[in-house]
Amino acid sequence: MKILIIGNMGYVGPGTVNQLRESYPEAELIGFDIGYFANRLTNTVLLPEVKLNNQIIGDVRKFPAGVLKDVDAVVYLAAISNDPMGAKYEEVTLDVNYRSCIRIARIAREAGVRSFVFASSCSMYGLADQYAKTENDTLNPLTAYARSKVFSERELEPLANDNFTVTCLRFATACGMSDRLRLDLVLNDFVAGAVTAREINILSDGTPWRPLINVRDMARAIDWAITREQSNGGAYLAVNTGSNQWNYQVKDLAEAVAEVIPGCQVYLNSNAQPDKRSYRVNFDLFAKLAPDHQPIHDLHSTIEKLYEGISEIGLNDPKFRDSKYMRLKILSGLQEKSLLDENLSWTWEPQMVLR
Ligand SMILES: NC(=O)c1ccc[n+]([C@@H]2O[C@H](COP(=O)([O-])OP(=O)(O)OC[C@H]3O[C@@H](n4cnc5c(N)ncnc54)[C@H](O)[C@@H]3O)[C@@H](O)[C@H]2O)c1
């Protein structure tokens with residue numbers, strides 16, 4: 001088996017590579033990434049990419065079709081990966097998350113790839129706190145990021161056929177330790193606040209709902225999707241990926257962090273505008289289709305591991321929201337140094353290829 005993981009050098013990628021290397025020790029694993037966050041490693045004794053057979057540094061917007069030769073499965077993680085980045089780099093977000101994804105999926109199908117796994121997002125449900133949304137509910141993407149995921153799903157669906165299985169995993173918000181940690185995610189942010197200042201600053205009034213998933217459970221779901229049979233979910237499947245128990249209100253997350261990290265004060269912002277990113281999600285379909293790949297991590301141990309990991313990094317600046325652990329800061333910093341242009345392309349050509 002030959003698996004291509006596109007966007008493997010971010011937060012989700014390293015755990016995915018690890019999981020796939022464990023599940024398929026003999027497989028040929030190839031990574032493809034532009035490398036924005038390649039040097040943002042956290043405490044790892046091993047460069048995550050050494051578990052690959054080959055790492056290609058390249059841009060999905062200029063994807064060389066030859067990379068797909070003999071590939072059986074593609075995992076598409078590449079993205080401008082949150083709302084603030086999507087707001088600042090709207091066209092790039094659509095280009096990377098959506099247009100390039102569809103172009104590559106088309107070439108992949110032509111090249112004989114059997115399975116295409118797309119990292120989608122539950123944020124496409126928009127404001128949805130009345131009841132937990134199922135896959136059949138109306139989508140209401142409120143941001144460029146969420147729209148990019150909806151557009152991709154819409155155009156991936158007609159590409160699926162008997163020989164080309166497409167699985168869109170609508171992930172809950174990720175959390176947990178990774179070899180390339182990011183702190184612009186709600187639970188990770190709370191733990192960082194608790195470690196650096198013994199403070200957890202909730203930007204909202206604490207009531208918004210947010211389904212979460214441990215980043216390592218995302219990797220298990222990707223593992224499942226790669227080899228999913230069409231008899232289990234059809235040629236095309238879009239499935240909420242997480243678990244019903246992990247639908248939390250933001251204030252519950254803060255309290256859980258305060259339980260693990262003693263002496264923390266939780267601050268709410270009672271003057272905040274209502275948070276439109278409040279949503280609850282129903283994960284029954286994923287439970288039915290992937291009984292052996294259900295999330296196995298719990299909130300308490302996820303917080304403990306984050307506490308341990310963030311303490312080991314030696315992070316002690318309460319202004320961590322301005323730090324190199326924030327994806328948007330990294331991109332802006334690379335632009336300020338004229339390493340990235342206004343389209344987030346490297347300012348030199350050609351791309352480097354590592355073998
Ligand atoms: N983290 C979450 O909470 C979450 C939740 C739901 C879905 N997802 C999705 O999972 C995927 C991975 O998320 P992540 O947290 O690892 O994000 P990340 O930002 O850490 O990683 C994204 C990767 O894509 C790469 N990339 C960006 N533009 C590229 C380009 N033009 N060419 C090649 N590579 C490019 C980046 O270099 C980076 O390594 C994304 O598609 C994201 O939308 C993430």
# chains A, B, ... in the order shown; residues from 1 in each chain; ligands from 1
>>> select_by_dssp(residues="stretch 238-347 of chain A", states="helix (DSSP H, G or I)", output="ChimeraX atom specification")
/A:244-246,250-260,284-289,291-293,299-313,320-322,327-336
>>> write_last_selection(atoms="C-alpha atoms", output="compact mmCIF listing (two decimals), in the first residue's frame")
# COMPACT_ATOMS: atom_id res chain seq x y z
CA ASN A 244 -21.28 12.44 21.78
CA GLN A 245 -19.61 12.55 25.21
CA TRP A 246 -17.19 15.19 23.97
CA VAL A 250 -16.63 26.11 27.01
CA LYS A 251 -17.01 26.84 30.74
CA ASP A 252 -17.00 23.08 31.47
CA LEU A 253 -13.70 22.78 29.62
CA ALA A 254 -12.24 25.59 31.71
CA GLU A 255 -13.43 23.95 34.91
CA ALA A 256 -11.96 20.62 33.87
CA VAL A 257 -8.59 22.32 33.28
CA ALA A 258 -8.81 24.04 36.67
CA GLU A 259 -9.41 20.66 38.30
CA VAL A 260 -6.23 19.21 36.81
CA ASP A 284 -24.05 8.41 16.11
CA LEU A 285 -23.24 7.66 12.47
CA PHE A 286 -19.51 7.51 13.16
CA ALA A 287 -20.17 5.21 16.14
CA LYS A 288 -22.19 2.91 13.88
CA LEU A 289 -19.77 2.83 10.96
CA PRO A 291 -17.06 0.84 16.06
CA ASP A 292 -13.39 -0.20 16.29
CA HIS A 293 -12.04 3.29 15.71
CA LEU A 299 -10.90 14.87 28.63
CA HIS A 300 -9.02 14.44 31.92
CA SER A 301 -6.07 12.53 30.46
CA THR A 302 -5.96 14.87 27.44
CA ILE A 303 -5.58 17.84 29.81
CA GLU A 304 -2.95 16.01 31.88
CA LYS A 305 -0.87 15.27 28.78
CA LEU A 306 -1.17 18.88 27.61
CA TYR A 307 -0.16 20.07 31.09
CA GLU A 308 2.86 17.80 31.03
CA GLY A 309 3.83 18.72 27.45
CA ILE A 310 3.37 22.49 27.81
CA SER A 311 5.29 22.49 31.11
CA GLU A 312 8.16 20.58 29.49
CA ILE A 313 8.44 23.12 26.67
CA PHE A 320 1.40 33.00 24.56
CA ARG A 321 -1.46 34.14 22.31
CA ASP A 322 1.22 36.18 20.51
CA ARG A 327 -0.61 29.53 13.32
CA LEU A 328 -1.62 33.06 12.25
CA LYS A 329 1.40 34.60 14.04
CA ILE A 330 3.76 32.26 12.26
CA LEU A 331 2.38 33.11 8.82
CA SER A 332 2.42 36.86 9.54
CA GLY A 333 5.98 36.55 10.87
CA LEU A 334 7.14 34.76 7.70
CA GLN A 335 5.52 37.49 5.61
CA GLU A 336 7.16 40.25 7.65
>>> select_by_dssp(residues="stretch 124-163 of chain A", states="strand (DSSP E or B)", output="PyMOL selection string")
chain A and resi 128-133+161
>>> write_last_selection(atoms="all heavy atoms", output="PDB file, in the first residue's frame")
ATOM      1  N   ALA A 128     -25.408  26.373  16.134  1.00  0.00           N
ATOM      2  CA  ALA A 128     -26.247  25.171  16.195  1.00  0.00           C
ATOM      3  C   ALA A 128     -26.271  24.636  17.619  1.00  0.00           C
ATOM      4  O   ALA A 128     -25.786  23.559  17.898  1.00  0.00           O
ATOM      5  CB  ALA A 128     -25.694  24.119  15.243  1.00  0.00           C
ATOM      6  N   ASP A 129     -26.836  25.449  18.536  1.00  0.00           N
ATOM      7  CA  ASP A 129     -26.784  24.980  19.916  1.00  0.00           C
ATOM      8  C   ASP A 129     -28.141  24.507  20.455  1.00  0.00           C
ATOM      9  O   ASP A 129     -28.287  24.194  21.622  1.00  0.00           O
ATOM     10  CB  ASP A 129     -26.160  26.041  20.834  1.00  0.00           C
ATOM     11  CG  ASP A 129     -26.816  27.398  20.663  1.00  0.00           C
ATOM     12  OD1 ASP A 129     -27.823  27.480  19.927  1.00  0.00           O
ATOM     13  OD2 ASP A 129     -26.318  28.368  21.260  1.00  0.00           O
ATOM     14  N   GLN A 130     -29.144  24.466  19.577  1.00  0.00           N
ATOM     15  CA  GLN A 130     -30.465  24.030  20.043  1.00  0.00           C
ATOM     16  C   GLN A 130     -30.524  22.512  20.230  1.00  0.00           C
ATOM     17  O   GLN A 130     -31.119  22.010  21.161  1.00  0.00           O
ATOM     18  CB  GLN A 130     -31.558  24.440  19.036  1.00  0.00           C
ATOM     19  CG  GLN A 130     -31.684  25.941  18.861  1.00  0.00           C
ATOM     20  CD  GLN A 130     -31.953  26.649  20.181  1.00  0.00           C
ATOM     21  OE1 GLN A 130     -32.888  26.294  20.889  1.00  0.00           O
ATOM     22  NE2 GLN A 130     -31.113  27.616  20.537  1.00  0.00           N
ATOM     23  N   TYR A 131     -29.909  21.816  19.294  1.00  0.00           N
ATOM     24  CA  TYR A 131     -29.848  20.357  19.385  1.00  0.00           C
ATOM     25  C   TYR A 131     -28.609  19.904  18.619  1.00  0.00           C
ATOM     26  O   TYR A 131     -28.009  20.697  17.863  1.00  0.00           O
ATOM     27  CB  TYR A 131     -31.120  19.709  18.805  1.00  0.00           C
ATOM     28  CG  TYR A 131     -31.296  19.910  17.330  1.00  0.00           C
ATOM     29  CD1 TYR A 131     -30.867  18.959  16.410  1.00  0.00           C
ATOM     30  CD2 TYR A 131     -31.879  21.080  16.836  1.00  0.00           C
ATOM     31  CE1 TYR A 131     -30.997  19.164  15.039  1.00  0.00           C
ATOM     32  CE2 TYR A 131     -32.015  21.298  15.467  1.00  0.00           C
ATOM     33  CZ  TYR A 131     -31.575  20.335  14.587  1.00  0.00           C
ATOM     34  OH  TYR A 131     -31.688  20.540  13.227  1.00  0.00           O
ATOM     35  N   ALA A 132     -28.223  18.653  18.836  1.00  0.00           N
ATOM     36  CA  ALA A 132     -26.981  18.166  18.204  1.00  0.00           C
ATOM     37  C   ALA A 132     -27.225  17.861  16.726  1.00  0.00           C
ATOM     38  O   ALA A 132     -28.129  17.098  16.376  1.00  0.00           O
ATOM     39  CB  ALA A 132     -26.499  16.924  18.940  1.00  0.00           C
ATOM     40  N   LYS A 133     -26.410  18.464  15.863  1.00  0.00           N
ATOM     41  CA  LYS A 133     -26.613  18.347  14.411  1.00  0.00           C
ATOM     42  C   LYS A 133     -26.149  16.988  13.871  1.00  0.00           C
ATOM     43  O   LYS A 133     -25.073  16.493  14.232  1.00  0.00           O
ATOM     44  CB  LYS A 133     -25.811  19.431  13.693  1.00  0.00           C
ATOM     45  CG  LYS A 133     -26.281  20.827  14.007  1.00  0.00           C
ATOM     46  CD  LYS A 133     -27.489  21.203  13.183  1.00  0.00           C
ATOM     47  CE  LYS A 133     -28.060  22.536  13.631  1.00  0.00           C
ATOM     48  NZ  LYS A 133     -29.084  23.072  12.783  1.00  0.00           N
ATOM     49  N   ASN A 161     -16.942   7.158  -7.009  1.00  0.00           N
ATOM     50  CA  ASN A 161     -17.559   6.100  -7.822  1.00  0.00           C
ATOM     51  C   ASN A 161     -17.121   4.742  -7.292  1.00  0.00           C
ATOM     52  O   ASN A 161     -16.458   4.673  -6.250  1.00  0.00           O
ATOM     53  CB  ASN A 161     -17.236   6.284  -9.321  1.00  0.00           C
ATOM     54  CG  ASN A 161     -15.757   6.120  -9.621  1.00  0.00           C
ATOM     55  OD1 ASN A 161     -15.032   5.463  -8.861  1.00  0.00           O
ATOM     56  ND2 ASN A 161     -15.302   6.702 -10.699  1.00  0.00           N
TER      57      ASN A 161
END
>>> residues_around(residues="A:Val60", least_positions_apart="2", cutoff="9 Å", atoms="only C-alpha atoms", output="list in words")
Ile6, Gly7, Phe32, Asp33, Ile34, Gly58, Lys62, Phe63, Pro64, Ala78, Asp95, Val96, Ser100, Cys101 and Ile104 of chain A
>>> write_last_selection(atoms="C-alpha atoms", output="tab-separated table (two decimals), in the first residue's frame")
chain	number	residue	atom	x	y	z
A	6	ILE	CA	-0.89	16.03	2.04
A	7	GLY	CA	-0.42	18.68	4.76
A	32	PHE	CA	3.64	16.49	0.93
A	33	ASP	CA	3.66	19.88	2.65
A	34	ILE	CA	4.68	23.47	2.00
A	58	GLY	CA	5.67	21.48	-2.22
A	62	LYS	CA	1.24	23.68	-7.93
A	63	PHE	CA	0.80	20.00	-7.27
A	64	PRO	CA	2.89	17.75	-9.55
A	78	ALA	CA	-3.50	20.73	3.89
A	95	ASP	CA	-7.31	28.00	-3.06
A	96	VAL	CA	-5.65	25.62	-0.62
A	100	SER	CA	-6.49	22.55	-4.84
A	101	CYS	CA	-8.23	19.76	-2.98
A	104	ILE	CA	-5.88	16.89	-6.68
>>> residues_near_ligand(ligand="ligand 1", cutoff="7 Å", atoms="only C-alpha atoms and all ligand atoms", output="VMD selection string")
chain A and resid 6 to 13 32 to 38 58 to 61 76 to 82 96 to 97 119 to 122 170 to 175 182 185 327
>>> closest_residue(among="A:Val281, A:Pro262, A:Ile3, A:Ile222", to="A:Asn136", atoms="only C-alpha atoms")
A:Val281
>>> closest_residue(among="A:Ala235, A:Val186, A:Ile226, A:Ile5", to="A:Ala290", atoms="only C-alpha atoms")
A:Ile226
